[in-house]
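S.K.: First the structure, then my questions, so here it is.
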Amino acid sequence: MPNADSSASASAASDRRRIAAALTAPEPLNWVITGDSITHGLVHTQGGRSYPEHLHELIRGELERVRDVVLNTAISGNRIVDLLDDWDRRVASWQPDVVTLMIGTNDASDGGPREVISAADYAASLREFVARVRALGAVPVLQTPPAIDVRNAPERARIGEFADAVRQVAASEDVILVDQYARFAELGAGGGSRGDS
């Protein structure tokens, strides 16, 4: 996917245009989907399909882009710093055209053996992630972590702060944002339709 814009002039709008144009072109794309267990899709899905599997089906099936590669490099239990420390293996070596990131549930935890980090430190790491993706000439897509049931996971009660941090970084860095947190919160408040009768 040719990068018409330099990293300095890239924006969410120009990134959307790049993706739209690339989806109509015959050249295959490399999509790297990364994050923590929610993206990894093995530990907590109880046999259900993860969003990377649905994205794979959309791209290679519905859009018939059979030569595109959709690669899930997420690892359960990871934080953003783990991803940055393993950057070449998890992202750069795949020569991505698009890199999506949904991470933060473990970053928000204030329980367990790992150091508690602030939402500001998390945001700084997200900015580094965006800069590294753009330096590769790829399109970054940030996603907020989904809302959680804090009663059953009180150590992650700060998840809303971390979702806000993703929103702030997406706005300040002008990156495409998928706001999972807002949608899950809406569904939890009865704002969604299951589509069945």
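All residue names refer to the structure tokens as shown: chains lettered A, B, ... in order, residues numbered from 1 in each chain, ligands numbered from 1 in order.
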For A:Gln168, find every residue with an atom within 12 Å (counting only C-alpha atoms), except residues of its own chain fewer than 4 positions away, and show them as a PyMOL selection string.
M.R.: chain A and resi 119-120+122-124+126-127+142-144+161-164+172-177+179
S.K.: Name the residues in contact with A:Pro96 at a cut-off of 10 Å, using only C-alpha atoms, excluding same-chain residues fewer than 4 positions from it; report them as a ChimeraX atom specification.
M.R.: /A:1,29-33,69-71,91-92,133,136-140
S.K.: Residues as selected, N, CA and C atoms, written as a PDB file, in the first residue's frame, can you do that?
M.R.:
```pdb
ATOM      1  N   MET A   1       0.866  -1.162   0.000  1.00  0.00           N
ATOM      2  CA  MET A   1       0.000   0.000   0.000  1.00  0.00           C
ATOM      3  C   MET A   1       0.912   1.223   0.000  1.00  0.00           C
ATOM      4  N   LEU A  29      -2.429  -7.083   0.702  1.00  0.00           N
ATOM      5  CA  LEU A  29      -2.062  -6.326   1.897  1.00  0.00           C
ATOM      6  C   LEU A  29      -1.684  -7.270   3.027  1.00  0.00           C
ATOM      7  N   ASN A  30      -0.842  -6.774   3.929  1.00  0.00           N
ATOM      8  CA  ASN A  30      -0.512  -7.485   5.156  1.00  0.00           C
ATOM      9  C   ASN A  30      -1.161  -6.736   6.316  1.00  0.00           C
ATOM     10  N   TRP A  31      -2.067  -7.418   7.001  1.00  0.00           N
ATOM     11  CA  TRP A  31      -2.780  -6.867   8.145  1.00  0.00           C
ATOM     12  C   TRP A  31      -2.219  -7.523   9.400  1.00  0.00           C
ATOM     13  N   VAL A  32      -1.666  -6.743  10.322  1.00  0.00           N
ATOM     14  CA  VAL A  32      -1.194  -7.278  11.599  1.00  0.00           C
ATOM     15  C   VAL A  32      -2.163  -6.816  12.677  1.00  0.00           C
ATOM     16  N   ILE A  33      -2.740  -7.793  13.352  1.00  0.00           N
ATOM     17  CA  ILE A  33      -3.698  -7.556  14.419  1.00  0.00           C
ATOM     18  C   ILE A  33      -2.985  -7.944  15.712  1.00  0.00           C
ATOM     19  N   VAL A  69      -2.901 -11.172   3.748  1.00  0.00           N
ATOM     20  CA  VAL A  69      -2.540 -11.944   4.925  1.00  0.00           C
ATOM     21  C   VAL A  69      -3.063 -11.194   6.142  1.00  0.00           C
ATOM     22  N   VAL A  70      -3.822 -11.906   6.970  1.00  0.00           N
ATOM     23  CA  VAL A  70      -4.342 -11.339   8.207  1.00  0.00           C
ATOM     24  C   VAL A  70      -3.702 -12.126   9.346  1.00  0.00           C
ATOM     25  N   LEU A  71      -2.794 -11.489  10.058  1.00  0.00           N
ATOM     26  CA  LEU A  71      -1.970 -12.175  11.047  1.00  0.00           C
ATOM     27  C   LEU A  71      -2.266 -11.650  12.444  1.00  0.00           C
ATOM     28  N   VAL A  91       5.451  -7.173  15.007  1.00  0.00           N
ATOM     29  CA  VAL A  91       4.930  -6.212  14.032  1.00  0.00           C
ATOM     30  C   VAL A  91       5.857  -6.035  12.830  1.00  0.00           C
ATOM     31  N   ALA A  92       7.033  -5.505  13.036  1.00  0.00           N
ATOM     32  CA  ALA A  92       7.878  -5.019  11.940  1.00  0.00           C
ATOM     33  C   ALA A  92       8.256  -6.088  10.930  1.00  0.00           C
ATOM     34  N   VAL A 133       4.575   2.426  14.011  1.00  0.00           N
ATOM     35  CA  VAL A 133       3.762   1.928  12.890  1.00  0.00           C
ATOM     36  C   VAL A 133       3.892   2.860  11.705  1.00  0.00           C
ATOM     37  N   LEU A 136       7.022   2.577   9.744  1.00  0.00           N
ATOM     38  CA  LEU A 136       7.029   1.428   8.829  1.00  0.00           C
ATOM     39  C   LEU A 136       6.265   1.724   7.537  1.00  0.00           C
ATOM     40  N   GLY A 137       5.583   2.878   7.480  1.00  0.00           N
ATOM     41  CA  GLY A 137       4.751   3.215   6.324  1.00  0.00           C
ATOM     42  C   GLY A 137       3.390   2.558   6.379  1.00  0.00           C
ATOM     43  N   ALA A 138       3.025   2.039   7.551  1.00  0.00           N
ATOM     44  CA  ALA A 138       1.745   1.343   7.718  1.00  0.00           C
ATOM     45  C   ALA A 138       0.723   2.268   8.375  1.00  0.00           C
ATOM     46  N   VAL A 139      -0.526   1.845   8.311  1.00  0.00           N
ATOM     47  CA  VAL A 139      -1.625   2.581   8.928  1.00  0.00           C
ATOM     48  C   VAL A 139      -1.880   2.017  10.319  1.00  0.00           C
ATOM     49  N   PRO A 140      -1.802   2.859  11.372  1.00  0.00           N
ATOM     50  CA  PRO A 140      -2.161   2.400  12.709  1.00  0.00           C
ATOM     51  C   PRO A 140      -3.659   2.549  12.953  1.00  0.00           C
TER      52      PRO A 140
END
```
S.K.: Write down as a PDB file with N, CA, C and O atoms, in the first residue's frame the residues belonging to stretch 52-194 of chain A that are assigned helix (DSSP H, G or I) by DSSP computed on the backbone.
M.R.:
```
ATOM      1  N   PRO A  52     -10.354 -10.894  15.549  1.00  0.00           N
ATOM      2  CA  PRO A  52      -9.448 -11.104  14.413  1.00  0.00           C
ATOM      3  C   PRO A  52      -9.958 -12.179  13.449  1.00  0.00           C
ATOM      4  O   PRO A  52      -9.735 -12.079  12.239  1.00  0.00           O
ATOM      5  N   GLU A  53     -10.642 -13.182  13.983  1.00  0.00           N
ATOM      6  CA  GLU A  53     -11.210 -14.209  13.097  1.00  0.00           C
ATOM      7  C   GLU A  53     -12.318 -13.613  12.227  1.00  0.00           C
ATOM      8  O   GLU A  53     -12.421 -13.930  11.038  1.00  0.00           O
ATOM      9  N   HIS A  54     -13.135 -12.762  12.808  1.00  0.00           N
ATOM     10  CA  HIS A  54     -14.190 -12.109  12.027  1.00  0.00           C
ATOM     11  C   HIS A  54     -13.584 -11.170  10.974  1.00  0.00           C
ATOM     12  O   HIS A  54     -14.056 -11.128   9.837  1.00  0.00           O
ATOM     13  N   LEU A  55     -12.540 -10.442  11.358  1.00  0.00           N
ATOM     14  CA  LEU A  55     -11.877  -9.547  10.399  1.00  0.00           C
ATOM     15  C   LEU A  55     -11.252 -10.346   9.264  1.00  0.00           C
ATOM     16  O   LEU A  55     -11.358  -9.959   8.086  1.00  0.00           O
ATOM     17  N   HIS A  56     -10.638 -11.469   9.598  1.00  0.00           N
ATOM     18  CA  HIS A  56     -10.061 -12.365   8.585  1.00  0.00           C
ATOM     19  C   HIS A  56     -11.141 -12.802   7.596  1.00  0.00           C
ATOM     20  O   HIS A  56     -10.942 -12.761   6.378  1.00  0.00           O
ATOM     21  N   GLU A  57     -12.286 -13.204   8.113  1.00  0.00           N
ATOM     22  CA  GLU A  57     -13.389 -13.646   7.250  1.00  0.00           C
ATOM     23  C   GLU A  57     -13.889 -12.502   6.371  1.00  0.00           C
ATOM     24  O   GLU A  57     -14.164 -12.693   5.181  1.00  0.00           O
ATOM     25  N   LEU A  58     -13.977 -11.306   6.935  1.00  0.00           N
ATOM     26  CA  LEU A  58     -14.426 -10.143   6.168  1.00  0.00           C
ATOM     27  C   LEU A  58     -13.465  -9.838   5.025  1.00  0.00           C
ATOM     28  O   LEU A  58     -13.881  -9.672   3.874  1.00  0.00           O
ATOM     29  N   ILE A  59     -12.164  -9.780   5.344  1.00  0.00           N
ATOM     30  CA  ILE A  59     -11.175  -9.389   4.340  1.00  0.00           C
ATOM     31  C   ILE A  59     -10.992 -10.475   3.281  1.00  0.00           C
ATOM     32  O   ILE A  59     -11.100 -10.210   2.085  1.00  0.00           O
ATOM     33  N   ARG A  60     -10.708 -11.696   3.712  1.00  0.00           N
ATOM     34  CA  ARG A  60     -10.351 -12.749   2.756  1.00  0.00           C
ATOM     35  C   ARG A  60     -11.584 -13.440   2.170  1.00  0.00           C
ATOM     36  O   ARG A  60     -11.501 -14.014   1.087  1.00  0.00           O
ATOM     37  N   GLY A  61     -12.704 -13.388   2.900  1.00  0.00           N
ATOM     38  CA  GLY A  61     -13.925 -14.033   2.431  1.00  0.00           C
ATOM     39  C   GLY A  61     -14.851 -13.063   1.723  1.00  0.00           C
ATOM     40  O   GLY A  61     -14.972 -13.072   0.500  1.00  0.00           O
ATOM     41  N   GLU A  62     -15.480 -12.196   2.503  1.00  0.00           N
ATOM     42  CA  GLU A  62     -16.485 -11.291   1.942  1.00  0.00           C
ATOM     43  C   GLU A  62     -15.895 -10.340   0.903  1.00  0.00           C
ATOM     44  O   GLU A  62     -16.528 -10.076  -0.122  1.00  0.00           O
ATOM     45  N   ILE A  80       1.189  -3.120  26.812  1.00  0.00           N
ATOM     46  CA  ILE A  80       1.764  -2.404  25.670  1.00  0.00           C
ATOM     47  C   ILE A  80       3.290  -2.463  25.693  1.00  0.00           C
ATOM     48  O   ILE A  80       3.922  -2.605  24.649  1.00  0.00           O
ATOM     49  N   VAL A  81       3.918  -2.420  26.863  1.00  0.00           N
ATOM     50  CA  VAL A  81       5.385  -2.464  26.915  1.00  0.00           C
ATOM     51  C   VAL A  81       5.919  -3.798  26.423  1.00  0.00           C
ATOM     52  O   VAL A  81       7.001  -3.865  25.834  1.00  0.00           O
ATOM     53  N   ASP A  82       5.166  -4.888  26.653  1.00  0.00           N
ATOM     54  CA  ASP A  82       5.592  -6.201  26.156  1.00  0.00           C
ATOM     55  C   ASP A  82       5.612  -6.209  24.629  1.00  0.00           C
ATOM     56  O   ASP A  82       6.529  -6.750  24.008  1.00  0.00           O
ATOM     57  N   LEU A  83       4.604  -5.623  24.041  1.00  0.00           N
ATOM     58  CA  LEU A  83       4.534  -5.530  22.584  1.00  0.00           C
ATOM     59  C   LEU A  83       5.688  -4.687  22.038  1.00  0.00           C
ATOM     60  O   LEU A  83       6.354  -5.087  21.078  1.00  0.00           O
ATOM     61  N   LEU A  84       5.948  -3.550  22.659  1.00  0.00           N
ATOM     62  CA  LEU A  84       7.040  -2.692  22.191  1.00  0.00           C
ATOM     63  C   LEU A  84       8.392  -3.395  22.341  1.00  0.00           C
ATOM     64  O   LEU A  84       9.261  -3.239  21.485  1.00  0.00           O
ATOM     65  N   ASP A  85       8.559  -4.176  23.407  1.00  0.00           N
ATOM     66  CA  ASP A  85       9.813  -4.914  23.612  1.00  0.00           C
ATOM     67  C   ASP A  85      10.015  -6.033  22.598  1.00  0.00           C
ATOM     68  O   ASP A  85      11.137  -6.467  22.363  1.00  0.00           O
ATOM     69  N   TRP A  87       8.857  -5.864  19.367  1.00  0.00           N
ATOM     70  CA  TRP A  87       8.359  -5.163  18.183  1.00  0.00           C
ATOM     71  C   TRP A  87       8.667  -5.865  16.868  1.00  0.00           C
ATOM     72  O   TRP A  87       7.790  -6.038  16.031  1.00  0.00           O
ATOM     73  N   ASP A  88       9.904  -6.272  16.678  1.00  0.00           N
ATOM     74  CA  ASP A  88      10.273  -6.866  15.388  1.00  0.00           C
ATOM     75  C   ASP A  88       9.479  -8.129  15.116  1.00  0.00           C
ATOM     76  O   ASP A  88       8.961  -8.317  14.010  1.00  0.00           O
ATOM     77  N   ARG A  89       9.389  -8.993  16.090  1.00  0.00           N
ATOM     78  CA  ARG A  89       8.669 -10.262  15.893  1.00  0.00           C
ATOM     79  C   ARG A  89       7.169 -10.052  15.757  1.00  0.00           C
ATOM     80  O   ARG A  89       6.515 -10.676  14.932  1.00  0.00           O
ATOM     81  N   ARG A  90       6.622  -9.173  16.568  1.00  0.00           N
ATOM     82  CA  ARG A  90       5.175  -9.010  16.624  1.00  0.00           C
ATOM     83  C   ARG A  90       4.620  -8.117  15.518  1.00  0.00           C
ATOM     84  O   ARG A  90       3.468  -8.271  15.123  1.00  0.00           O
ATOM     85  N   ALA A  92       7.033  -5.505  13.036  1.00  0.00           N
ATOM     86  CA  ALA A  92       7.878  -5.019  11.940  1.00  0.00           C
ATOM     87  C   ALA A  92       8.256  -6.088  10.930  1.00  0.00           C
ATOM     88  O   ALA A  92       8.247  -5.832   9.718  1.00  0.00           O
ATOM     89  N   SER A  93       8.587  -7.285  11.387  1.00  0.00           N
ATOM     90  CA  SER A  93       9.076  -8.315  10.467  1.00  0.00           C
ATOM     91  C   SER A  93       8.019  -8.753   9.451  1.00  0.00           C
ATOM     92  O   SER A  93       8.358  -9.332   8.425  1.00  0.00           O
ATOM     93  N   TRP A  94       6.773  -8.449   9.701  1.00  0.00           N
ATOM     94  CA  TRP A  94       5.690  -8.878   8.793  1.00  0.00           C
ATOM     95  C   TRP A  94       5.431  -7.857   7.694  1.00  0.00           C
ATOM     96  O   TRP A  94       4.545  -8.053   6.876  1.00  0.00           O
ATOM     97  N   ALA A 119      -2.233   5.692  33.665  1.00  0.00           N
ATOM     98  CA  ALA A 119      -2.828   5.876  32.336  1.00  0.00           C
ATOM     99  C   ALA A 119      -1.932   6.773  31.477  1.00  0.00           C
ATOM    100  O   ALA A 119      -1.857   6.592  30.259  1.00  0.00           O
ATOM    101  N   ALA A 120      -1.220   7.704  32.103  1.00  0.00           N
ATOM    102  CA  ALA A 120      -0.311   8.591  31.357  1.00  0.00           C
ATOM    103  C   ALA A 120       0.871   7.806  30.781  1.00  0.00           C
ATOM    104  O   ALA A 120       1.277   8.040  29.631  1.00  0.00           O
ATOM    105  N   ASP A 121       1.438   6.868  31.567  1.00  0.00           N
ATOM    106  CA  ASP A 121       2.527   6.031  31.046  1.00  0.00           C
ATOM    107  C   ASP A 121       2.038   5.145  29.906  1.00  0.00           C
ATOM    108  O   ASP A 121       2.736   4.956  28.905  1.00  0.00           O
ATOM    109  N   TYR A 122       0.841   4.612  30.063  1.00  0.00           N
ATOM    110  CA  TYR A 122       0.218   3.802  29.018  1.00  0.00           C
ATOM    111  C   TYR A 122       0.055   4.629  27.736  1.00  0.00           C
ATOM    112  O   TYR A 122       0.398   4.190  26.638  1.00  0.00           O
ATOM    113  N   ALA A 123      -0.424   5.862  27.893  1.00  0.00           N
ATOM    114  CA  ALA A 123      -0.617   6.754  26.734  1.00  0.00           C
ATOM    115  C   ALA A 123       0.709   7.038  26.038  1.00  0.00           C
ATOM    116  O   ALA A 123       0.779   7.064  24.805  1.00  0.00           O
ATOM    117  N   ALA A 124       1.767   7.241  26.809  1.00  0.00           N
ATOM    118  CA  ALA A 124       3.085   7.487  26.213  1.00  0.00           C
ATOM    119  C   ALA A 124       3.527   6.293  25.372  1.00  0.00           C
ATOM    120  O   ALA A 124       4.080   6.458  24.272  1.00  0.00           O
ATOM    121  N   SER A 125       3.272   5.085  25.872  1.00  0.00           N
ATOM    122  CA  SER A 125       3.618   3.878  25.103  1.00  0.00           C
ATOM    123  C   SER A 125       2.764   3.760  23.852  1.00  0.00           C
ATOM    124  O   SER A 125       3.239   3.313  22.804  1.00  0.00           O
ATOM    125  N   LEU A 126       1.495   4.157  23.941  1.00  0.00           N
ATOM    126  CA  LEU A 126       0.630   4.144  22.752  1.00  0.00           C
ATOM    127  C   LEU A 126       1.160   5.111  21.693  1.00  0.00           C
ATOM    128  O   LEU A 126       1.145   4.794  20.495  1.00  0.00           O
ATOM    129  N   ARG A 127       1.631   6.269  22.122  1.00  0.00           N
ATOM    130  CA  ARG A 127       2.202   7.237  21.170  1.00  0.00           C
ATOM    131  C   ARG A 127       3.431   6.643  20.487  1.00  0.00           C
ATOM    132  O   ARG A 127       3.630   6.822  19.282  1.00  0.00           O
ATOM    133  N   GLU A 128       4.242   5.934  21.248  1.00  0.00           N
ATOM    134  CA  GLU A 128       5.411   5.283  20.649  1.00  0.00           C
ATOM    135  C   GLU A 128       4.972   4.228  19.643  1.00  0.00           C
ATOM    136  O   GLU A 128       5.554   4.113  18.558  1.00  0.00           O
ATOM    137  N   PHE A 129       3.936   3.462  19.981  1.00  0.00           N
ATOM    138  CA  PHE A 129       3.392   2.467  19.058  1.00  0.00           C
ATOM    139  C   PHE A 129       2.984   3.127  17.740  1.00  0.00           C
ATOM    140  O   PHE A 129       3.353   2.668  16.655  1.00  0.00           O
ATOM    141  N   VAL A 130       2.224   4.214  17.825  1.00  0.00           N
ATOM    142  CA  VAL A 130       1.763   4.922  16.619  1.00  0.00           C
ATOM    143  C   VAL A 130       2.954   5.391  15.793  1.00  0.00           C
ATOM    144  O   VAL A 130       2.985   5.217  14.566  1.00  0.00           O
ATOM    145  N   ALA A 131       3.945   5.982  16.443  1.00  0.00           N
ATOM    146  CA  ALA A 131       5.129   6.478  15.724  1.00  0.00           C
ATOM    147  C   ALA A 131       5.857   5.343  15.019  1.00  0.00           C
ATOM    148  O   ALA A 131       6.282   5.486  13.862  1.00  0.00           O
ATOM    149  N   ARG A 132       5.979   4.206  15.682  1.00  0.00           N
ATOM    150  CA  ARG A 132       6.677   3.061  15.074  1.00  0.00           C
ATOM    151  C   ARG A 132       5.896   2.503  13.888  1.00  0.00           C
ATOM    152  O   ARG A 132       6.485   2.147  12.866  1.00  0.00           O
ATOM    153  N   VAL A 133       4.575   2.426  14.011  1.00  0.00           N
ATOM    154  CA  VAL A 133       3.762   1.928  12.890  1.00  0.00           C
ATOM    155  C   VAL A 133       3.892   2.860  11.705  1.00  0.00           C
ATOM    156  O   VAL A 133       4.109   2.428  10.567  1.00  0.00           O
ATOM    157  N   ARG A 134       3.787   4.148  11.953  1.00  0.00           N
ATOM    158  CA  ARG A 134       3.892   5.126  10.850  1.00  0.00           C
ATOM    159  C   ARG A 134       5.288   5.110  10.236  1.00  0.00           C
ATOM    160  O   ARG A 134       5.436   5.292   9.036  1.00  0.00           O
ATOM    161  N   ALA A 135       6.321   4.862  11.052  1.00  0.00           N
ATOM    162  CA  ALA A 135       7.687   4.786  10.522  1.00  0.00           C
ATOM    163  C   ALA A 135       7.842   3.606   9.568  1.00  0.00           C
ATOM    164  O   ALA A 135       8.675   3.634   8.664  1.00  0.00           O
ATOM    165  N   PRO A 154     -12.308  -6.378  40.132  1.00  0.00           N
ATOM    166  CA  PRO A 154     -12.069  -5.070  40.761  1.00  0.00           C
ATOM    167  C   PRO A 154     -10.654  -4.538  40.539  1.00  0.00           C
ATOM    168  O   PRO A 154     -10.440  -3.328  40.585  1.00  0.00           O
ATOM    169  N   GLU A 155      -9.695  -5.415  40.273  1.00  0.00           N
ATOM    170  CA  GLU A 155      -8.325  -4.964  40.024  1.00  0.00           C
ATOM    171  C   GLU A 155      -8.210  -4.203  38.711  1.00  0.00           C
ATOM    172  O   GLU A 155      -7.196  -3.565  38.436  1.00  0.00           O
ATOM    173  N   ARG A 156      -9.262  -4.257  37.889  1.00  0.00           N
ATOM    174  CA  ARG A 156      -9.253  -3.546  36.606  1.00  0.00           C
ATOM    175  C   ARG A 156     -10.268  -2.395  36.590  1.00  0.00           C
ATOM    176  O   ARG A 156     -10.749  -1.999  35.540  1.00  0.00           O
ATOM    177  N   ILE A 159     -10.155   0.661  34.080  1.00  0.00           N
ATOM    178  CA  ILE A 159     -10.222   0.426  32.634  1.00  0.00           C
ATOM    179  C   ILE A 159     -10.777   1.639  31.876  1.00  0.00           C
ATOM    180  O   ILE A 159     -10.334   1.950  30.769  1.00  0.00           O
ATOM    181  N   GLY A 160     -11.721   2.357  32.466  1.00  0.00           N
ATOM    182  CA  GLY A 160     -12.274   3.550  31.816  1.00  0.00           C
ATOM    183  C   GLY A 160     -11.220   4.629  31.590  1.00  0.00           C
ATOM    184  O   GLY A 160     -11.214   5.293  30.547  1.00  0.00           O
ATOM    185  N   GLU A 161     -10.308   4.807  32.549  1.00  0.00           N
ATOM    186  CA  GLU A 161      -9.210   5.771  32.396  1.00  0.00           C
ATOM    187  C   GLU A 161      -8.315   5.379  31.228  1.00  0.00           C
ATOM    188  O   GLU A 161      -7.819   6.237  30.492  1.00  0.00           O
ATOM    189  N   PHE A 162      -8.101   4.081  31.070  1.00  0.00           N
ATOM    190  CA  PHE A 162      -7.223   3.607  30.004  1.00  0.00           C
ATOM    191  C   PHE A 162      -7.921   3.716  28.644  1.00  0.00           C
ATOM    192  O   PHE A 162      -7.272   4.019  27.644  1.00  0.00           O
ATOM    193  N   ALA A 163      -9.230   3.521  28.620  1.00  0.00           N
ATOM    194  CA  ALA A 163      -9.982   3.756  27.375  1.00  0.00           C
ATOM    195  C   ALA A 163      -9.904   5.236  27.002  1.00  0.00           C
ATOM    196  O   ALA A 163      -9.719   5.586  25.825  1.00  0.00           O
ATOM    197  N   ASP A 164     -10.028   6.114  28.010  1.00  0.00           N
ATOM    198  CA  ASP A 164      -9.889   7.555  27.747  1.00  0.00           C
ATOM    199  C   ASP A 164      -8.504   7.873  27.197  1.00  0.00           C
ATOM    200  O   ASP A 164      -8.368   8.717  26.305  1.00  0.00           O
ATOM    201  N   ALA A 165      -7.477   7.199  27.720  1.00  0.00           N
ATOM    202  CA  ALA A 165      -6.110   7.437  27.235  1.00  0.00           C
ATOM    203  C   ALA A 165      -5.992   7.072  25.759  1.00  0.00           C
ATOM    204  O   ALA A 165      -5.350   7.797  24.990  1.00  0.00           O
ATOM    205  N   VAL A 166      -6.625   5.980  25.350  1.00  0.00           N
ATOM    206  CA  VAL A 166      -6.588   5.588  23.931  1.00  0.00           C
ATOM    207  C   VAL A 166      -7.268   6.664  23.094  1.00  0.00           C
ATOM    208  O   VAL A 166      -6.759   7.069  22.046  1.00  0.00           O
ATOM    209  N   ARG A 167      -8.422   7.139  23.551  1.00  0.00           N
ATOM    210  CA  ARG A 167      -9.141   8.185  22.816  1.00  0.00           C
ATOM    211  C   ARG A 167      -8.286   9.441  22.680  1.00  0.00           C
ATOM    212  O   ARG A 167      -8.237  10.062  21.612  1.00  0.00           O
ATOM    213  N   GLN A 168      -7.620   9.829  23.773  1.00  0.00           N
ATOM    214  CA  GLN A 168      -6.794  11.031  23.750  1.00  0.00           C
ATOM    215  C   GLN A 168      -5.617  10.877  22.788  1.00  0.00           C
ATOM    216  O   GLN A 168      -5.305  11.804  22.030  1.00  0.00           O
ATOM    217  N   VAL A 169      -4.979   9.702  22.799  1.00  0.00           N
ATOM    218  CA  VAL A 169      -3.859   9.473  21.885  1.00  0.00           C
ATOM    219  C   VAL A 169      -4.353   9.453  20.441  1.00  0.00           C
ATOM    220  O   VAL A 169      -3.735  10.048  19.561  1.00  0.00           O
ATOM    221  N   ALA A 170      -5.480   8.806  20.200  1.00  0.00           N
ATOM    222  CA  ALA A 170      -6.027   8.772  18.838  1.00  0.00           C
ATOM    223  C   ALA A 170      -6.313  10.189  18.341  1.00  0.00           C
ATOM    224  O   ALA A 170      -6.030  10.515  17.189  1.00  0.00           O
ATOM    225  N   ALA A 171      -6.836  11.032  19.220  1.00  0.00           N
ATOM    226  CA  ALA A 171      -7.132  12.417  18.827  1.00  0.00           C
ATOM    227  C   ALA A 171      -5.845  13.218  18.614  1.00  0.00           C
ATOM    228  O   ALA A 171      -5.694  13.895  17.596  1.00  0.00           O
ATOM    229  N   SER A 172      -4.906  13.126  19.545  1.00  0.00           N
ATOM    230  CA  SER A 172      -3.691  13.949  19.444  1.00  0.00           C
ATOM    231  C   SER A 172      -2.778  13.497  18.313  1.00  0.00           C
ATOM    232  O   SER A 172      -2.108  14.322  17.694  1.00  0.00           O
ATOM    233  N   GLU A 173      -2.770  12.197  18.026  1.00  0.00           N
ATOM    234  CA  GLU A 173      -1.928  11.672  16.951  1.00  0.00           C
ATOM    235  C   GLU A 173      -2.686  11.546  15.629  1.00  0.00           C
ATOM    236  O   GLU A 173      -2.121  11.128  14.630  1.00  0.00           O
ATOM    237  N   GLN A 180     -14.265   0.381  21.222  1.00  0.00           N
ATOM    238  CA  GLN A 180     -14.919  -0.817  21.768  1.00  0.00           C
ATOM    239  C   GLN A 180     -15.536  -0.516  23.137  1.00  0.00           C
ATOM    240  O   GLN A 180     -16.625  -0.992  23.443  1.00  0.00           O
ATOM    241  N   TYR A 181     -14.816   0.231  23.958  1.00  0.00           N
ATOM    242  CA  TYR A 181     -15.275   0.509  25.317  1.00  0.00           C
ATOM    243  C   TYR A 181     -16.659   1.154  25.295  1.00  0.00           C
ATOM    244  O   TYR A 181     -17.557   0.741  26.020  1.00  0.00           O
ATOM    245  N   ALA A 182     -16.820   2.182  24.470  1.00  0.00           N
ATOM    246  CA  ALA A 182     -18.102   2.886  24.397  1.00  0.00           C
ATOM    247  C   ALA A 182     -19.210   1.948  23.929  1.00  0.00           C
ATOM    248  O   ALA A 182     -20.319   1.968  24.464  1.00  0.00           O
ATOM    249  N   ARG A 183     -18.914   1.111  22.949  1.00  0.00           N
ATOM    250  CA  ARG A 183     -19.941   0.200  22.428  1.00  0.00           C
ATOM    251  C   ARG A 183     -20.324  -0.859  23.454  1.00  0.00           C
ATOM    252  O   ARG A 183     -21.495  -1.142  23.648  1.00  0.00           O
ATOM    253  N   PHE A 184     -19.322  -1.429  24.145  1.00  0.00           N
ATOM    254  CA  PHE A 184     -19.633  -2.424  25.175  1.00  0.00           C
ATOM    255  C   PHE A 184     -20.427  -1.786  26.308  1.00  0.00           C
ATOM    256  O   PHE A 184     -21.348  -2.398  26.847  1.00  0.00           O
ATOM    257  N   ALA A 185     -20.067  -0.559  26.693  1.00  0.00           N
ATOM    258  CA  ALA A 185     -20.799   0.134  27.750  1.00  0.00           C
ATOM    259  C   ALA A 185     -22.240   0.382  27.318  1.00  0.00           C
ATOM    260  O   ALA A 185     -23.174   0.223  28.111  1.00  0.00           O
ATOM    261  N   GLU A 186     -22.424   0.740  26.061  1.00  0.00           N
ATOM    262  CA  GLU A 186     -23.775   0.959  25.533  1.00  0.00           C
ATOM    263  C   GLU A 186     -24.581  -0.329  25.567  1.00  0.00           C
ATOM    264  O   GLU A 186     -25.734  -0.354  25.993  1.00  0.00           O
ATOM    265  N   LEU A 187     -23.965  -1.417  25.138  1.00  0.00           N
ATOM    266  CA  LEU A 187     -24.661  -2.707  25.159  1.00  0.00           C
ATOM    267  C   LEU A 187     -24.990  -3.124  26.582  1.00  0.00           C
ATOM    268  O   LEU A 187     -26.074  -3.649  26.852  1.00  0.00           O
ATOM    269  N   GLY A 188     -24.070  -2.884  27.506  1.00  0.00           N
ATOM    270  CA  GLY A 188     -24.302  -3.238  28.908  1.00  0.00           C
ATOM    271  C   GLY A 188     -25.409  -2.432  29.539  1.00  0.00           C
ATOM    272  O   GLY A 188     -26.053  -2.875  30.484  1.00  0.00           O
TER     273      GLY A 188
END
```
S.K.: Would you mind writing down, as a PyMOL selection string, each residue of chain A that DSSP on the backbone assigns to strand (DSSP E)?
M.R.: chain A and resi 30-35+69-72+98-102+139-143+176-178
S.K.: Can you work out the spacing between atom CA of A:Glu64 and atom CA of A:Ser76 in Å, to one decimal?
M.R.: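 These two atoms are separated by 29.8 Å.
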S.K.: Using only C-alpha atoms, which of the listed residues (A:Ser37, A:Ala21, A:Asp15, A:Pro28) sits closest to A:Gln95?
M.R.: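 That would be A:Pro28, the residue with the smallest distance to A:Gln95.
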S.K.: Write out as a list in words each polymer residue whose atoms come within 10 Å of A:Gly35, counting only C-alpha atoms; drop sequence neighbours fewer than 4 positions from it.
M.R.: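 Once the nearby chain positions are removed, what remains is Thr39, His40, Asn72, Thr73, Ala74, Ile75, Ser76, Gly77, Asn78, Arg79, Ile80, Asp82, Leu83, Arg90, Thr100, Leu101, Met102, Ile103, Gly104, Thr105, Gln143 and Pro145 of chain A.
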